[in-house]
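For reference, upload-v9.cif (mmCIF, C-alpha atoms and all ligand atoms):
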```cif
data_protein
loop_
_atom_site.label_atom_id
_atom_site.label_comp_id
_atom_site.auth_asym_id
_atom_site.auth_seq_id
_atom_site.Cartn_x
_atom_site.Cartn_y
_atom_site.Cartn_z
CA MET A 8 -35.04 -40.55 10.77
CA ARG A 9 -32.15 -41.70 12.97
CA PRO A 10 -33.07 -44.39 15.53
CA GLY A 11 -33.63 -42.97 19.00
CA LYS A 12 -33.93 -39.42 17.76
CA THR A 13 -36.94 -37.39 18.84
CA ILE A 14 -38.09 -34.14 17.26
CA LEU A 15 -39.85 -31.79 19.61
CA VAL A 16 -41.64 -28.50 19.01
CA GLN A 17 -43.27 -26.64 21.87
CA ARG A 18 -45.53 -23.59 21.51
CA GLU A 19 -47.45 -21.45 23.94
CA VAL A 20 -51.07 -20.57 23.13
CA LYS A 21 -52.78 -17.54 24.58
CA PRO A 22 -56.36 -17.43 25.89
CA LEU A 23 -58.95 -16.27 23.36
CA ASP A 24 -56.29 -15.33 20.83
CA PHE A 25 -58.34 -16.25 17.76
CA LEU A 26 -56.06 -14.30 15.48
CA SER A 27 -52.98 -16.45 15.95
CA ALA A 28 -54.84 -19.61 16.94
CA GLY A 29 -54.31 -22.25 14.30
CA GLU A 30 -50.77 -21.11 13.60
CA THR A 31 -49.30 -23.84 15.74
CA ALA A 32 -51.22 -26.51 13.85
CA SER A 33 -49.96 -25.11 10.52
CA GLU A 34 -46.42 -24.98 11.82
CA PHE A 35 -46.58 -28.60 13.05
CA LYS A 36 -47.86 -29.65 9.64
CA GLU A 37 -45.02 -27.84 7.85
CA THR A 38 -42.44 -29.28 10.24
CA LEU A 39 -43.62 -32.84 9.58
CA LYS A 40 -43.85 -32.22 5.85
CA SER A 41 -40.25 -30.99 5.77
CA LEU A 42 -39.21 -34.20 7.57
CA GLY A 43 -40.77 -36.29 4.81
CA ILE A 44 -43.88 -37.43 6.70
CA SER A 45 -46.74 -38.43 4.37
CA ALA A 46 -49.45 -35.94 3.42
CA ASP A 47 -52.09 -38.11 5.09
CA LEU A 48 -50.26 -38.14 8.45
CA CYS A 49 -49.54 -34.40 8.18
CA ARG A 50 -53.24 -33.76 7.63
CA LYS A 51 -54.29 -35.90 10.61
CA THR A 52 -51.72 -34.18 12.84
CA SER A 53 -52.88 -30.77 11.72
CA ILE A 54 -56.54 -31.56 12.51
CA VAL A 55 -55.70 -32.99 15.94
CA ALA A 56 -53.34 -30.11 16.81
CA TYR A 57 -55.81 -27.49 15.56
CA GLU A 58 -58.73 -28.80 17.61
CA ALA A 59 -56.54 -29.26 20.69
CA GLU A 60 -55.15 -25.75 20.27
CA MET A 61 -58.61 -24.22 19.84
CA ASN A 62 -59.83 -25.99 22.97
CA ALA A 63 -56.90 -24.62 24.99
CA VAL A 64 -57.56 -21.16 23.54
CA ILE A 65 -61.35 -21.20 24.02
CA HIS A 66 -61.97 -23.37 27.08
CA GLY A 67 -58.60 -23.79 28.79
CA GLY A 68 -57.46 -20.21 29.30
CA GLY A 69 -54.47 -20.82 27.05
CA GLY A 70 -51.64 -23.25 27.60
CA GLU A 71 -49.07 -25.10 25.56
CA ILE A 72 -49.09 -27.41 22.57
CA ILE A 73 -46.29 -29.88 21.98
CA LEU A 74 -45.38 -31.93 18.93
CA LYS A 75 -43.14 -34.96 19.23
CA LEU A 76 -41.94 -37.27 16.52
CA ASP A 77 -40.08 -40.52 17.04
CA GLU A 78 -39.58 -43.60 14.89
CA LYS A 79 -43.01 -45.00 15.67
CA SER A 80 -45.41 -42.15 16.13
CA ILE A 81 -46.39 -38.52 16.17
CA THR A 82 -47.49 -37.24 19.57
CA ILE A 83 -49.53 -34.09 20.15
CA VAL A 84 -49.88 -32.83 23.71
CA ALA A 85 -52.09 -29.90 24.74
CA LYS A 86 -51.79 -28.70 28.33
CA ASP A 87 -53.71 -25.99 30.11
CA GLN A 88 -54.38 -24.84 33.64
CA GLY A 89 -57.99 -23.94 32.93
CA PRO A 90 -61.23 -25.08 34.55
CA GLY A 91 -60.89 -28.74 33.54
CA ILE A 92 -63.60 -30.93 31.98
CA GLU A 93 -66.32 -31.99 34.38
CA ASN A 94 -67.50 -35.03 32.41
CA VAL A 95 -65.09 -36.29 29.75
CA ASN A 96 -67.53 -38.89 28.37
CA LEU A 97 -70.08 -36.16 27.79
CA ALA A 98 -67.46 -33.81 26.30
CA MET A 99 -66.44 -36.57 23.85
CA GLN A 100 -69.96 -36.76 22.38
CA GLU A 101 -70.62 -35.16 19.01
CA GLY A 102 -72.50 -31.88 19.42
CA TYR A 103 -71.75 -31.36 23.11
CA SER A 104 -70.40 -27.87 23.73
CA THR A 105 -70.28 -25.32 26.53
CA ALA A 106 -68.90 -22.60 24.21
CA PRO A 107 -70.43 -19.20 25.02
CA ASP A 108 -72.48 -17.30 22.44
CA PHE A 109 -69.69 -14.93 21.36
CA VAL A 110 -67.53 -17.96 20.52
CA ARG A 111 -70.39 -19.62 18.59
CA GLU A 112 -70.87 -16.44 16.61
CA MET A 113 -67.28 -16.84 15.45
CA GLY A 114 -68.10 -20.26 14.07
CA PHE A 115 -66.78 -22.44 16.90
CA GLY A 116 -68.71 -24.50 19.41
CA ALA A 117 -70.17 -27.22 17.19
CA GLY A 118 -69.00 -29.75 19.75
CA MET A 119 -66.96 -31.58 17.11
CA GLY A 120 -63.40 -30.88 18.28
CA LEU A 121 -62.89 -33.79 20.68
CA PRO A 122 -64.81 -36.30 18.48
CA ASN A 123 -62.54 -35.31 15.57
CA ILE A 124 -59.40 -35.63 17.69
CA LYS A 125 -60.58 -39.15 18.59
CA LYS A 126 -61.35 -39.95 14.95
CA TYR A 127 -57.98 -38.84 13.58
CA SER A 128 -55.72 -40.20 16.32
CA ASP A 129 -54.75 -43.79 17.12
CA GLU A 130 -54.52 -43.26 20.89
CA LEU A 131 -56.15 -40.54 22.96
CA ASN A 132 -55.71 -39.83 26.64
CA ILE A 133 -57.29 -36.92 28.51
CA GLU A 134 -56.25 -36.13 32.07
CA THR A 135 -58.38 -33.45 33.61
CA GLU A 136 -59.25 -32.17 37.05
CA PRO A 137 -61.90 -29.54 37.78
CA GLY A 138 -60.22 -26.29 38.76
CA LYS A 139 -56.74 -27.58 37.87
CA GLY A 140 -56.62 -28.01 34.11
CA THR A 141 -56.49 -30.47 31.27
CA THR A 142 -53.76 -32.43 29.51
CA LEU A 143 -54.70 -34.07 26.23
CA ARG A 144 -52.26 -36.53 24.64
CA ALA A 145 -52.93 -37.92 21.16
CA LEU A 146 -50.78 -40.39 19.25
CA ILE A 147 -50.78 -40.97 15.50
CA TYR A 148 -48.91 -44.09 14.42
CA LEU A 149 -46.50 -43.65 11.55
CA ASP A 150 -47.27 -47.01 9.96
CA GLY A 151 -50.98 -46.91 10.71
CA ASN A 152 -51.08 -50.01 12.93
CA GLY A 153 -49.30 -49.16 16.14
CA GLY A 154 -45.78 -49.43 14.88
CA GLU A 155 -45.65 -53.19 15.51
N1 LIG A 201 -59.14 -27.80 27.39
C1 LIG A 201 -60.40 -27.78 27.85
N2 LIG A 201 -60.68 -27.22 29.06
C2 LIG A 201 -61.96 -27.18 29.54
N3 LIG A 201 -63.02 -27.70 28.88
C3 LIG A 201 -62.80 -28.26 27.68
C4 LIG A 201 -61.49 -28.33 27.11
N4 LIG A 201 -61.58 -28.97 25.92
C5 LIG A 201 -62.88 -29.27 25.76
N5 LIG A 201 -63.62 -28.86 26.81
C6 LIG A 201 -65.08 -29.06 27.03
O1 LIG A 201 -65.53 -30.08 26.17
C7 LIG A 201 -66.55 -29.55 25.30
C8 LIG A 201 -66.47 -30.25 23.95
O2 LIG A 201 -65.24 -29.91 23.28
P1 LIG A 201 -65.20 -29.96 21.69
O3 LIG A 201 -63.85 -29.54 21.25
O4 LIG A 201 -65.69 -31.30 21.26
O5 LIG A 201 -66.31 -28.90 21.27
P2 LIG A 201 -66.26 -27.31 21.28
O6 LIG A 201 -64.86 -26.84 21.53
O7 LIG A 201 -67.28 -26.83 22.26
O8 LIG A 201 -66.73 -26.96 19.81
P3 LIG A 201 -65.83 -27.11 18.46
O9 LIG A 201 -64.58 -27.83 18.85
O10 LIG A 201 -66.66 -27.91 17.52
O11 LIG A 201 -65.58 -25.71 18.01
C9 LIG A 201 -66.30 -28.06 25.27
O12 LIG A 201 -67.45 -27.33 24.91
C10 LIG A 201 -65.90 -27.81 26.73
O13 LIG A 201 -67.02 -27.82 27.57
MG MG A 202 -63.29 -27.61 20.42
#
```
Kindly present the structure from the file in structure tokens form.
Ligand SMILES: Nc1ncnc2c1ncn2[C@@H]1O[C@H](COP(=O)(O)OP(=O)(O)OP(=O)(O)O)[C@@H](O)[C@H]1O
Ligand SMILES: [Mg+2]
Amino acid sequence: MRPGKTILVQREVKPLDFLSAGETASEFKETLKSLGISADLCRKTSIVAYEAEMNAVIHGGGGEIILKLDEKSITIVAKDQGPGIENVNLAMQEGYSTAPDFVREMGFGAGMGLPNIKKYSDELNIETEPGKGTTLRALIYLDGNGGE
């Protein structure tokens, strides 16, 4: 892509909208694919965006998901004004989930979303404040080693 150019896609996600949840992740994947990004990076982005979207939908009361692409990296941002995460270290652990029963019955709530976001991204930053909301920012390097 042209130096200095940034591609940006921004989508709103609604609370508990399981029907359309996941669409944003698919769209991000298609967008990157059409820009010639490798299948491996498209797959990683789609996993990260999907889990971040589902968390905003299930736990965050809805919010927005943003995709950015520049010469060095893919950035996925998920923002919500939900209840926030009380203990991020705990939330990052495999198997930890506060998902209610009706959400578990739909197949979510394994407590694997955040661990998978961590696994498939090169940088992960979570800003959260109880009662205010959560902003998750994940970076995936285009060349796999930080763009250096
Ligand atoms: N955006 C958010 N707002 C508030 N709490 C969150 C948010 N994202 C994650 N959490 C908290 O962190 C926990 C762990 O999240 P994680 O995505 O790993 O698991 P899960 O969403 O419960 O289950 P899974 O992702 O496997 O369906 C959640 O159960 C919830 O308590
Ligand atoms: Mg999750």
Step by step: start from the point (-45.6, -29.2, 22.9) in the file's coordinates, keep every protein, DNA or RNA residue that has an atom no farther than 12 Å from it, count only C-alpha atoms, and write the set as an mmCIF file with C-alpha atoms, keeping the file's coordinate frame.
```
data_model
loop_
_atom_site.group_PDB
_atom_site.id
_atom_site.type_symbol
_atom_site.label_atom_id
_atom_site.label_comp_id
_atom_site.auth_asym_id
_atom_site.auth_seq_id
_atom_site.Cartn_x
_atom_site.Cartn_y
_atom_site.Cartn_z
ATOM 1 C CA ILE A 14 -38.090 -34.140 17.260
ATOM 2 C CA LEU A 15 -39.850 -31.790 19.610
ATOM 3 C CA VAL A 16 -41.640 -28.500 19.010
ATOM 4 C CA GLN A 17 -43.270 -26.640 21.870
ATOM 5 C CA ARG A 18 -45.530 -23.590 21.510
ATOM 6 C CA GLU A 19 -47.450 -21.450 23.940
ATOM 7 C CA VAL A 20 -51.070 -20.570 23.130
ATOM 8 C CA THR A 31 -49.300 -23.840 15.740
ATOM 9 C CA ALA A 32 -51.220 -26.510 13.850
ATOM 10 C CA GLU A 34 -46.420 -24.980 11.820
ATOM 11 C CA PHE A 35 -46.580 -28.600 13.050
ATOM 12 C CA ALA A 56 -53.340 -30.110 16.810
ATOM 13 C CA ALA A 59 -56.540 -29.260 20.690
ATOM 14 C CA GLU A 60 -55.150 -25.750 20.270
ATOM 15 C CA GLY A 70 -51.640 -23.250 27.600
ATOM 16 C CA GLU A 71 -49.070 -25.100 25.560
ATOM 17 C CA ILE A 72 -49.090 -27.410 22.570
ATOM 18 C CA ILE A 73 -46.290 -29.880 21.980
ATOM 19 C CA LEU A 74 -45.380 -31.930 18.930
ATOM 20 C CA LYS A 75 -43.140 -34.960 19.230
ATOM 21 C CA LEU A 76 -41.940 -37.270 16.520
ATOM 22 C CA ILE A 81 -46.390 -38.520 16.170
ATOM 23 C CA THR A 82 -47.490 -37.240 19.570
ATOM 24 C CA ILE A 83 -49.530 -34.090 20.150
ATOM 25 C CA VAL A 84 -49.880 -32.830 23.710
ATOM 26 C CA ALA A 85 -52.090 -29.900 24.740
ATOM 27 C CA LYS A 86 -51.790 -28.700 28.330
ATOM 28 C CA ASP A 87 -53.710 -25.990 30.110
ATOM 29 C CA THR A 142 -53.760 -32.430 29.510
ATOM 30 C CA LEU A 143 -54.700 -34.070 26.230
ATOM 31 C CA ARG A 144 -52.260 -36.530 24.640
ATOM 32 C CA ALA A 145 -52.930 -37.920 21.160
#
```
inquiry  = Just want the 12 Å neighbourhood of A:Val110, counted on all atoms listed in the file, with same-chain residues fewer than 4 positions away dropped. Output as a PyMOL selection string.
reply    = chain A and resi 23-25+61-62+64-66+104-106+114-118
message = Considering only C-alpha atoms and all ligand atoms, can you say which of A:Tyr127, A:Tyr103, A:Phe109, A:Tyr57 comes closest to ligand LIG 201 (chain A)?
response = A:Tyr103
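Reported to one decimal place, the separation of atom CA of A:Pro107 from atom CA of A:Lys126 is 24.8 Å.
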Taking (-60.8, -36.4, 21.7) in the file's coordinates as the center, which residues reach within 10 Å of it, counting only C-alpha atoms, put as an mmCIF file with C-alpha atoms, in the frame of the given file?
```
data_model
loop_
_atom_site.group_PDB
_atom_site.id
_atom_site.type_symbol
_atom_site.label_atom_id
_atom_site.label_comp_id
_atom_site.auth_asym_id
_atom_site.auth_seq_id
_atom_site.Cartn_x
_atom_site.Cartn_y
_atom_site.Cartn_z
ATOM 1 C CA VAL A 55 -55.700 -32.990 15.940
ATOM 2 C CA GLU A 58 -58.730 -28.800 17.610
ATOM 3 C CA ALA A 59 -56.540 -29.260 20.690
ATOM 4 C CA VAL A 95 -65.090 -36.290 29.750
ATOM 5 C CA ASN A 96 -67.530 -38.890 28.370
ATOM 6 C CA ALA A 98 -67.460 -33.810 26.300
ATOM 7 C CA MET A 99 -66.440 -36.570 23.850
ATOM 8 C CA GLN A 100 -69.960 -36.760 22.380
ATOM 9 C CA MET A 119 -66.960 -31.580 17.110
ATOM 10 C CA GLY A 120 -63.400 -30.880 18.280
ATOM 11 C CA LEU A 121 -62.890 -33.790 20.680
ATOM 12 C CA PRO A 122 -64.810 -36.300 18.480
ATOM 13 C CA ASN A 123 -62.540 -35.310 15.570
ATOM 14 C CA ILE A 124 -59.400 -35.630 17.690
ATOM 15 C CA LYS A 125 -60.580 -39.150 18.590
ATOM 16 C CA LYS A 126 -61.350 -39.950 14.950
ATOM 17 C CA TYR A 127 -57.980 -38.840 13.580
ATOM 18 C CA SER A 128 -55.720 -40.200 16.320
ATOM 19 C CA GLU A 130 -54.520 -43.260 20.890
ATOM 20 C CA LEU A 131 -56.150 -40.540 22.960
ATOM 21 C CA ASN A 132 -55.710 -39.830 26.640
ATOM 22 C CA ILE A 133 -57.290 -36.920 28.510
ATOM 23 C CA LEU A 143 -54.700 -34.070 26.230
ATOM 24 C CA ARG A 144 -52.260 -36.530 24.640
ATOM 25 C CA ALA A 145 -52.930 -37.920 21.160
#
```
message = Could you tell me how far atom CA of A:Gly67 sits from atom CA of A:Glu134, in Å to one decimal place?
response = 13.0 Å
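In this structure, atom CA of A:Leu48 sits 26.5 Å away from atom C2 of ligand LIG 201 (chain A).
Distances from A:Lys40, A:Lys12, A:Arg111, A:Lys21 to ligand MG 202 (chain A) were compared using only C-alpha atoms and all ligand atoms, and the smallest one belongs to A:Arg111.
Excluding A:Asp77 itself and same-chain residues fewer than 2 positions from it, the residues having an atom within 6 Å of it are Thr13, Lys79 and Ser80 of chain A, counting only C-alpha atoms.
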Size and centre in Å, one decimal, axis-aligned box, all listed ligand LIG 201 (chain A) atoms plus 3 Å per side, as lines of an AutoDock Vina configuration file:
```
center_x = -63.3
center_y = -28.5
center_z = 23.5
size_x = 14.3
size_y = 11.6
size_z = 18.0
```
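Of the residues under consideration (A:Ile44, A:Leu26, A:Leu149, A:Ala63), A:Ala63 shows the shortest atom-to-atom contact distance to ligand MG 202 (chain A) when counting only C-alpha atoms and all ligand atoms.
Considering all atoms listed in the file, the residue among A:Thr52, A:Asn94, A:Thr141, A:Gln88 positioned nearest to A:Asp129 is A:Thr52.
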